[in-house]
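Asker: Please see the structure below; I have some questions.
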Amino acid sequence: MSMVKFELYQHQSAVALSEECLEKFEELSRLALQRISTMPPEEDHVLSELDLVEASLVDDETIARVHLDFMDIPGATDVITFHHGEILVSVETAVVQAREHGEELEREIFRYLVHGLLHLQGHTDAEPDKRAAMHEVQEALVAELWD
């Protein structure tokens with residue numbers, strides 16, 4: 001199996017993120033992708049079929065528009081994952097969530113990137129038991145790679 005490529009794009013200007021920070025996100029997301037791709041896939045996984053995963057850091061306005069257009073849900077959200085390998089992360093939502101949970105902003109953004117990658121491996125969070133299982137894997141990866 002060939003390794004899936006990962007690319008990160010900065011498509012927001014609402015929150016300043018340094019070039020070093022963006023490079024760290026990309027490097028650690030590649031490591032997370034390697035780890036996740038070796039995990040047993042969950043139902044409805046697509047990761048093994050992808051050549052490229054593209055993640056974009058966006059603002060709340062952008063993610064709210066996508067949330068409404070593709071999921072018919074109004075309002076911003078933290079992360080949206082498409083099965084064709086695209087992940088959108090709202091940096092503005094990360095600011096709010098990080099503040100509420102006493103978390104470092106950059107670590108919160110990385111958490112969303114890991115969350116999106118796990119969705120591509122078939123993890124879901126719509127049901128409480130599956131959400132708990134996904135959260136456990138997600139937090140273990142964040143702790144291992146970020147800390």
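Letters for chains follow the order of the structure tokens (A, B, ...), residue numbers begin at 1 for each chain, and ligand numbers begin at 1 in the order shown.
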Which parts of chain A does DSSP call strand (DSSP E or B) when run on the backbone here, written out as a list of chain:residue names?
Answerer: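 Here are the strand (DSSP E or B) residues of chain A: A:Lys5, A:Phe6, A:Glu7, A:Leu8, A:Tyr9, A:Gln10, A:Leu52, A:Val53, A:Glu54, A:Ala55, A:Ser56, A:Leu57, A:Val58, A:Val79, A:Ile80, A:Thr81, A:Phe82, A:Glu86, A:Ile87, A:Leu88, A:Val89, A:Ser90.
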Asker: Would you mind writing down, as a PyMOL selection string, each residue of chain A that DSSP on the backbone assigns to alpha helix (DSSP H)?
Answerer: chain A and resi 19-37+60-71+91-101+105-120+128-146
Asker: Do you know which residues are at most 7 Å from segment 79-86 of chain A counting only C-alpha atoms, after dropping those on the same chain fewer than 4 positions away, and could you put them as a compact mmCIF listing (two decimals) with N, CA, C and O atoms, in the first residue's frame?
Answerer:
```txt
# COMPACT_ATOMS: atom_id res chain seq x y z
N VAL A 46 -12.44 5.20 3.88
CA VAL A 46 -12.00 5.53 2.52
C VAL A 46 -10.50 5.82 2.46
O VAL A 46 -9.94 5.95 1.37
N LEU A 50 -7.40 6.58 -0.92
CA LEU A 50 -6.98 7.95 -1.26
C LEU A 50 -5.48 8.02 -1.56
O LEU A 50 -4.69 7.30 -0.97
N LEU A 52 -4.29 11.33 -1.67
CA LEU A 52 -4.00 12.62 -1.07
C LEU A 52 -5.11 13.02 -0.12
O LEU A 52 -6.29 12.86 -0.43
N VAL A 53 -4.71 13.54 1.03
CA VAL A 53 -5.64 14.18 1.96
C VAL A 53 -5.24 15.65 2.02
O VAL A 53 -4.07 15.98 2.23
N GLU A 54 -6.22 16.52 1.78
CA GLU A 54 -5.99 17.96 1.81
C GLU A 54 -6.78 18.55 2.97
O GLU A 54 -7.99 18.36 3.06
N ALA A 55 -6.08 19.25 3.85
CA ALA A 55 -6.73 19.92 4.98
C ALA A 55 -6.59 21.42 4.80
O ALA A 55 -5.51 21.91 4.46
N SER A 90 -12.16 24.85 11.24
CA SER A 90 -12.41 26.25 11.57
C SER A 90 -11.48 26.70 12.70
O SER A 90 -11.60 26.25 13.84
N TYR A 112 -8.43 18.75 15.80
CA TYR A 112 -9.42 18.73 14.72
C TYR A 112 -8.86 18.05 13.48
O TYR A 112 -9.58 17.35 12.76
N GLY A 116 -10.49 14.71 11.79
CA GLY A 116 -10.83 14.55 10.38
C GLY A 116 -10.18 13.32 9.77
O GLY A 116 -10.81 12.58 9.00
N HIS A 119 -12.05 10.23 10.77
CA HIS A 119 -13.28 10.06 9.98
C HIS A 119 -12.96 9.35 8.65
O HIS A 119 -13.74 8.49 8.21
N LEU A 120 -11.84 9.67 8.04
CA LEU A 120 -11.47 9.03 6.78
C LEU A 120 -11.16 7.54 6.97
O LEU A 120 -11.27 6.76 6.02
```
Asker: Excluding Phe110 of chain A and its own-chain neighbours fewer than 4 positions away, which residues fall within 9 Å of it when counting only C-alpha atoms? Please give them as a PyMOL selection string.
Answerer: chain A and resi 25+28-29+105-106+114-115+142+146
Asker: At a cut-off of 12 Å, using only C-alpha atoms, what residues contact Glu136 of chain A? Leave out same-chain residues fewer than 6 positions from it and give the result as number ranges by chain.
Answerer: A: 111, 114-115, 118, 123, 125, 129-130, 142-143
Asker: So that I can see what lies close to Arg65 of chain A, please list as a PyMOL selection string the residues with an atom at most 8 Å from it, counting only C-alpha atoms and leaving out residues fewer than 4 positions away in the same chain.
Answerer: chain A and resi 61+69+74-76
Asker: Restricting the calculation to only C-alpha atoms, which member of A:Leu8, A:Ala140, A:Asp51, A:His135 is positioned closest to Cys21 of chain A?
Answerer: A:Leu8
